[in-house]
Amino acid sequence: RVCALSLSPRAFPRPPRASPRSRAMSTPPAAAAGAGTVVSPAWLADAMRDQERRVRVLDCSWYLPAMARDGIEEHAARRIPGARYFDVDAISDPSSSLPHMLPSASQFAAACDALDVRNDDQVVVYDGAGLFSAARAWWMFKAFGHDAVAVLDGGMPAWLEANLPLDETAVDDATVRAAAAAAAAAVASEDGRRAGCFKARLDQTLVRSKQDVLTRCVESAGNSATERLVDARPEPRWRGAAPEPRKGVRVGRVPGSACVPFFSLLDESKRVKSGSEIEKTFAAAGVDLRDTSTCLVASCGTGVTACVLALGAALAVPELRPKGLPVYDGSWTEWGAEDSGCPVETD
């Protein structure tokens, strides 16, 4: 499967091996009473020592082929202590021809049970790139009704930079793939009723289909757009000036959409920018995050980096968009397909 972006492997370099002193826990400041949208390595390290709270840490590392990295292999070799592997690519709808589409509620719940995640847990997600695929996991938890989820700012590179401990005990392949296997074995159910512990129910307001985008985001004869799509792909691709990395996918954009490349919300260390900076970045693209009169919908290539935009909106204006933005799950891979029948705009 090929994801949303064609990026140079150097865009998200492999983090260096930890120094010996990173095995000893530093003493971070006391953690806040609760996690926000994004948490620091110090917050997580402190929360993990708190015996009165259940914090479940999930490694959600997944990479583009061009990055020449393997999230499963990296997790098996080393991870934040106590972290389990959540495969955003494999915990998906097996009936869809599109990559990593949302699974059913029962499949998502089965994955959570395999990871020992409960409905009252605080979940913290991270990835090895800094911030990339972890945003997809954050949005998935939100979409299935679990609001107590946060992203580790800067991911594994920030954890290493803070000289915090690692678990380098070897983990077998079956253990790493357990959540994905549980999801694949689960019987699909619309409302998530099942015998397991974790209860999931899909929040339909956070997901958009191709038909939703066609009827809500695109102006046409007899149809007025009520929502606006914001595309996380690089601007040259959005303009139709650069080729798509997948065969059979047209160049261009959804008519009337705006472009906010996902990496424009990150700093040089791949940490998310401040809320005010994110708000200004959206504004520069003609998108007002504080204007709730028109619903905003995030999109990208395959629904992964669109979730960085969703996360950014929740961070910038939490009082207005606490769950971020709804995501067009099929994104450009579905819309831009040569046989989709969807209108395409180029410069």
# chains A, B, ... in the order shown; residues from 1 in each chain; ligands from 1

$ closest_atom_pairs --of "range 283-320 of chain A" --to "range 244-252 of chain A" --cutoff "12 Å" --atoms "only C-alpha atoms" --output "Markdown table"
| residue | atom | partner | partner_atom | distance |
| --- | --- | --- | --- | --- |
| A:Cys300 | CA | A:Glu244 | CA | 11.7 |
| A:Gly301 | CA | A:Glu244 | CA | 9.0 |
| A:Thr302 | CA | A:Arg246 | CA | 10.7 |

$ residues_around --residues "range 151-155 of chain A" --least-positions-apart "5" --cutoff "7 Å" --atoms "only C-alpha atoms" --output "PyMOL selection string"
chain A and resi 37-41+124-131+134+138+269-272

$ write_last_selection --atoms "all heavy atoms" --output "short mmCIF file (atom, residue, chain, number, x, y, z; two decimals), in the first residue's frame"
data_model
loop_
_atom_site.label_atom_id
_atom_site.label_comp_id
_atom_site.auth_asym_id
_atom_site.auth_seq_id
_atom_site.Cartn_x
_atom_site.Cartn_y
_atom_site.Cartn_z
N THR A 37 -4.49 17.51 24.28
CA THR A 37 -4.38 16.94 22.94
C THR A 37 -2.98 16.41 22.68
O THR A 37 -2.79 15.37 22.05
CB THR A 37 -4.76 17.99 21.89
OG1 THR A 37 -6.10 18.43 22.13
CG2 THR A 37 -4.66 17.43 20.48
N VAL A 38 -1.98 17.14 23.18
CA VAL A 38 -0.57 16.78 23.01
C VAL A 38 0.09 16.79 24.38
O VAL A 38 -0.18 17.68 25.19
CB VAL A 38 0.12 17.77 22.06
CG1 VAL A 38 1.62 17.52 22.01
CG2 VAL A 38 -0.47 17.69 20.66
N VAL A 39 0.95 15.81 24.64
CA VAL A 39 1.69 15.76 25.91
C VAL A 39 3.17 15.68 25.63
O VAL A 39 3.61 15.19 24.59
CB VAL A 39 1.25 14.56 26.79
CG1 VAL A 39 -0.22 14.67 27.15
CG2 VAL A 39 1.55 13.23 26.11
N SER A 40 3.97 16.17 26.57
CA SER A 40 5.42 16.16 26.43
C SER A 40 5.98 14.83 26.93
O SER A 40 5.32 14.10 27.68
CB SER A 40 6.02 17.29 27.25
OG SER A 40 5.83 17.03 28.64
N PRO A 41 7.22 14.50 26.56
CA PRO A 41 7.86 13.31 27.13
C PRO A 41 7.91 13.36 28.66
O PRO A 41 7.71 12.34 29.32
CB PRO A 41 9.25 13.34 26.51
CG PRO A 41 9.07 14.03 25.20
CD PRO A 41 8.05 15.10 25.48
N VAL A 124 -1.99 7.33 25.20
CA VAL A 124 -1.00 8.22 24.59
C VAL A 124 -0.41 7.49 23.39
O VAL A 124 0.08 6.37 23.52
CB VAL A 124 0.10 8.62 25.58
CG1 VAL A 124 1.15 9.50 24.88
CG2 VAL A 124 -0.49 9.37 26.78
N VAL A 125 -0.48 8.13 22.23
CA VAL A 125 0.01 7.52 21.00
C VAL A 125 1.27 8.24 20.53
O VAL A 125 1.43 9.43 20.74
CB VAL A 125 -1.06 7.53 19.90
CG1 VAL A 125 -2.26 6.69 20.31
CG2 VAL A 125 -1.52 8.95 19.57
N TYR A 126 2.16 7.49 19.89
CA TYR A 126 3.38 8.10 19.34
C TYR A 126 3.82 7.34 18.11
O TYR A 126 3.32 6.25 17.81
CB TYR A 126 4.49 8.11 20.40
CG TYR A 126 5.18 6.78 20.65
CD1 TYR A 126 6.32 6.40 19.94
CD2 TYR A 126 4.69 5.89 21.63
CE1 TYR A 126 6.96 5.19 20.19
CE2 TYR A 126 5.32 4.69 21.87
CZ TYR A 126 6.45 4.33 21.15
OH TYR A 126 7.07 3.13 21.39
N ASP A 127 4.75 7.93 17.36
CA ASP A 127 5.37 7.22 16.25
C ASP A 127 6.85 7.55 16.20
O ASP A 127 7.35 8.41 16.93
CB ASP A 127 4.67 7.50 14.91
CG ASP A 127 4.72 8.96 14.49
OD1 ASP A 127 5.81 9.55 14.51
OD2 ASP A 127 3.67 9.52 14.10
N GLY A 128 7.56 6.86 15.33
CA GLY A 128 9.01 7.02 15.25
C GLY A 128 9.46 8.17 14.38
O GLY A 128 10.66 8.46 14.30
N ALA A 129 8.51 8.84 13.71
CA ALA A 129 8.87 9.93 12.81
C ALA A 129 8.81 11.29 13.48
O ALA A 129 9.32 12.27 12.94
CB ALA A 129 7.94 9.92 11.59
N GLY A 130 8.19 11.38 14.64
CA GLY A 130 7.99 12.66 15.32
C GLY A 130 6.50 12.92 15.43
O GLY A 130 5.91 12.83 16.49
N LEU A 131 5.86 13.19 14.30
CA LEU A 131 4.40 13.21 14.19
C LEU A 131 4.04 12.91 12.75
O LEU A 131 4.27 13.72 11.86
CB LEU A 131 3.80 14.55 14.63
CG LEU A 131 2.26 14.61 14.51
CD1 LEU A 131 1.62 13.48 15.31
CD2 LEU A 131 1.72 15.95 14.96
N ALA A 134 0.92 8.68 14.03
CA ALA A 134 0.26 8.72 15.35
C ALA A 134 -1.00 9.57 15.31
O ALA A 134 -1.96 9.31 16.04
CB ALA A 134 1.23 9.25 16.41
N TRP A 138 -4.73 8.79 16.82
CA TRP A 138 -5.45 9.75 17.66
C TRP A 138 -6.87 9.97 17.14
O TRP A 138 -7.84 9.92 17.90
CB TRP A 138 -4.68 11.06 17.70
CG TRP A 138 -5.37 12.18 18.41
CD1 TRP A 138 -5.30 12.46 19.75
CD2 TRP A 138 -6.21 13.20 17.83
NE1 TRP A 138 -6.06 13.58 20.05
CE2 TRP A 138 -6.64 14.04 18.89
CE3 TRP A 138 -6.65 13.45 16.54
CZ2 TRP A 138 -7.48 15.13 18.67
CZ3 TRP A 138 -7.51 14.54 16.31
CH2 TRP A 138 -7.90 15.36 17.38
N SER A 269 11.82 19.94 14.32
CA SER A 269 12.03 18.70 15.07
C SER A 269 10.84 17.76 14.96
O SER A 269 10.78 16.75 15.64
CB SER A 269 12.31 19.01 16.55
OG SER A 269 11.15 19.59 17.16
N LYS A 270 9.87 18.08 14.08
CA LYS A 270 8.66 17.31 13.87
C LYS A 270 7.74 17.33 15.09
O LYS A 270 6.92 16.42 15.27
CB LYS A 270 8.99 15.86 13.46
CG LYS A 270 9.88 15.75 12.23
CD LYS A 270 9.25 16.43 11.03
CE LYS A 270 10.08 16.27 9.77
NZ LYS A 270 11.35 17.01 9.79
N ARG A 271 7.90 18.36 15.92
CA ARG A 271 6.92 18.61 16.98
C ARG A 271 5.84 19.53 16.42
O ARG A 271 6.09 20.33 15.52
CB ARG A 271 7.58 19.27 18.20
CG ARG A 271 8.51 18.36 18.99
CD ARG A 271 9.18 19.15 20.11
NE ARG A 271 9.92 18.31 21.03
CZ ARG A 271 11.18 17.93 20.87
NH1 ARG A 271 11.84 18.31 19.77
NH2 ARG A 271 11.78 17.18 21.77
N VAL A 272 4.65 19.42 16.98
CA VAL A 272 3.56 20.25 16.51
C VAL A 272 3.78 21.69 16.98
O VAL A 272 4.29 21.94 18.07
CB VAL A 272 2.20 19.70 17.02
CG1 VAL A 272 2.07 19.82 18.53
CG2 VAL A 272 1.04 20.37 16.32
#

$ select_by_dssp --residues "range 92-124 of chain A" --states "helix (DSSP H, G or I)" --output "number ranges by chain"
A: 105-114

$ select_by_dssp --residues "range 36-214 of chain A" --states "strand (DSSP E)" --output "ChimeraX atom specification"
/A:38-39,55-59,84-85,122-126,149-152,207-208

$ closest_residue --among "A:Asp339, A:Asp167, A:Asp70, A:Asp203" --to "Phe141 in chain A" --atoms "only C-alpha atoms"
A:Asp203

$ atom_distance --atom1 "CA of Asn119 in chain A" --atom2 "CA of Phe198 in chain A"
5.8 Å

$ residues_around --residues "Phe86 in chain A" --least-positions-apart "4" --cutoff "8 Å" --atoms "only C-alpha atoms" --output "list in words"
Leu58, Asp59, Cys60, Ser61, Ile91, Ala137, Ala179 and Ala180 of chain A

$ write_last_selection --atoms "N, CA, C and O atoms" --output "PDB file, in the first residue's frame"
ATOM      1  N   LEU A  58       0.763   3.606  23.174  1.00  0.00           N
ATOM      2  CA  LEU A  58       0.689   2.840  21.931  1.00  0.00           C
ATOM      3  C   LEU A  58       1.668   3.393  20.911  1.00  0.00           C
ATOM      4  O   LEU A  58       1.661   4.580  20.606  1.00  0.00           O
ATOM      5  N   ASP A  59       2.488   2.505  20.392  1.00  0.00           N
ATOM      6  CA  ASP A  59       3.407   2.833  19.303  1.00  0.00           C
ATOM      7  C   ASP A  59       2.635   2.643  17.998  1.00  0.00           C
ATOM      8  O   ASP A  59       2.229   1.534  17.653  1.00  0.00           O
ATOM      9  N   CYS A  60       2.419   3.729  17.283  1.00  0.00           N
ATOM     10  CA  CYS A  60       1.609   3.704  16.056  1.00  0.00           C
ATOM     11  C   CYS A  60       2.456   3.959  14.813  1.00  0.00           C
ATOM     12  O   CYS A  60       1.958   4.482  13.802  1.00  0.00           O
ATOM     13  N   SER A  61       3.721   3.621  14.890  1.00  0.00           N
ATOM     14  CA  SER A  61       4.648   3.908  13.791  1.00  0.00           C
ATOM     15  C   SER A  61       4.281   3.149  12.525  1.00  0.00           C
ATOM     16  O   SER A  61       4.124   1.927  12.523  1.00  0.00           O
ATOM     17  N   ILE A  91      -5.103  -2.348  11.162  1.00  0.00           N
ATOM     18  CA  ILE A  91      -6.365  -2.252  11.906  1.00  0.00           C
ATOM     19  C   ILE A  91      -7.289  -1.388  11.054  1.00  0.00           C
ATOM     20  O   ILE A  91      -7.414  -0.176  11.238  1.00  0.00           O
ATOM     21  N   ALA A 137      -3.950   7.428  14.490  1.00  0.00           N
ATOM     22  CA  ALA A 137      -4.439   6.669  15.641  1.00  0.00           C
ATOM     23  C   ALA A 137      -5.228   7.565  16.586  1.00  0.00           C
ATOM     24  O   ALA A 137      -6.276   7.167  17.123  1.00  0.00           O
ATOM     25  N   ALA A 179      -2.861  -7.000  18.000  1.00  0.00           N
ATOM     26  CA  ALA A 179      -4.032  -6.135  17.865  1.00  0.00           C
ATOM     27  C   ALA A 179      -4.614  -6.208  16.459  1.00  0.00           C
ATOM     28  O   ALA A 179      -5.835  -6.267  16.273  1.00  0.00           O
ATOM     29  N   ALA A 180      -3.755  -6.201  15.464  1.00  0.00           N
ATOM     30  CA  ALA A 180      -4.220  -6.302  14.090  1.00  0.00           C
ATOM     31  C   ALA A 180      -4.889  -7.649  13.837  1.00  0.00           C
ATOM     32  O   ALA A 180      -5.911  -7.732  13.141  1.00  0.00           O
TER      33      ALA A 180
END

$ residues_around --residues "Arg136 in chain A" --least-positions-apart "6" --cutoff "10 Å" --atoms "only C-alpha atoms" --output "ChimeraX atom specification"
/A:60,88-89,100,125,142,303-308,310-311,327

$ closest_residue --among "A:Arg216, A:Gly36, A:Val230, A:Asp291" --to "Pro318 in chain A" --atoms "only C-alpha atoms"
A:Gly36

$ residues_around --residues "Thr205 in chain A" --least-positions-apart "2" --cutoff "9 Å" --atoms "only C-alpha atoms" --output "VMD selection string"
chain A and resid 143 202 to 203 207 to 208 326

$ closest_residue --among "A:Phe108, A:Phe144, A:Trp238, A:Trp159" --to "Ala181 in chain A" --atoms "only C-alpha atoms"
A:Phe108

$ closest_residue --among "A:Val55, A:Ala42, A:Leu289, A:Ala109" --to "Ala150 in chain A" --atoms "only C-alpha atoms"
A:Val55

$ closest_residue --among "A:Leu160, A:Ser92, A:Thr175, A:His75" --to "Ala114 in chain A" --atoms "only C-alpha atoms"
A:Thr175

$ residues_around --residues "Asp288 in chain A" --least-positions-apart "4" --cutoff "8 Å" --atoms "only C-alpha atoms" --output "PyMOL selection string"
chain A and resi 279+282-283

$ write_last_selection --atoms "all heavy atoms" --output "CSV table (one decimal), in the first residue's frame"
chain,number,residue,atom,x,y,z
A,279,GLU,N,-3.1,28.2,13.9
A,279,GLU,CA,-4.3,29.0,13.5
A,279,GLU,C,-3.8,30.0,12.4
A,279,GLU,O,-4.6,30.2,11.4
A,279,GLU,CB,-4.8,29.8,14.7
A,279,GLU,CG,-6.1,30.5,14.4
A,279,GLU,CD,-6.8,31.1,15.7
A,279,GLU,OE1,-6.2,30.9,16.8
A,279,GLU,OE2,-7.8,31.8,15.5
A,282,PHE,N,-3.4,28.0,9.0
A,282,PHE,CA,-4.7,27.8,8.4
A,282,PHE,C,-5.2,29.1,7.8
A,282,PHE,O,-5.7,29.1,6.6
A,282,PHE,CB,-5.8,27.3,9.4
A,282,PHE,CG,-5.8,25.8,9.5
A,282,PHE,CD1,-4.9,25.1,10.5
A,282,PHE,CD2,-6.6,25.0,8.8
A,282,PHE,CE1,-4.9,23.8,10.6
A,282,PHE,CE2,-6.6,23.6,8.9
A,282,PHE,CZ,-5.8,23.0,9.8
A,283,ALA,N,-5.1,30.2,8.5
A,283,ALA,CA,-5.6,31.5,8.0
A,283,ALA,C,-4.9,31.9,6.7
A,283,ALA,O,-5.5,32.5,5.8
A,283,ALA,CB,-5.4,32.6,9.1

$ closest_residue --among "A:Lys273, A:Arg177, A:Lys210, A:Arg237" --to "Pro343 in chain A" --atoms "only C-alpha atoms"
A:Lys210

$ atom_distance --atom1 "CA of Asp87 in chain A" --atom2 "CA of Gln204 in chain A"
22.1 Å

$ atom_distance --atom1 "CA of Pro261 in chain A" --atom2 "CA of Ala313 in chain A"
13.4 Å
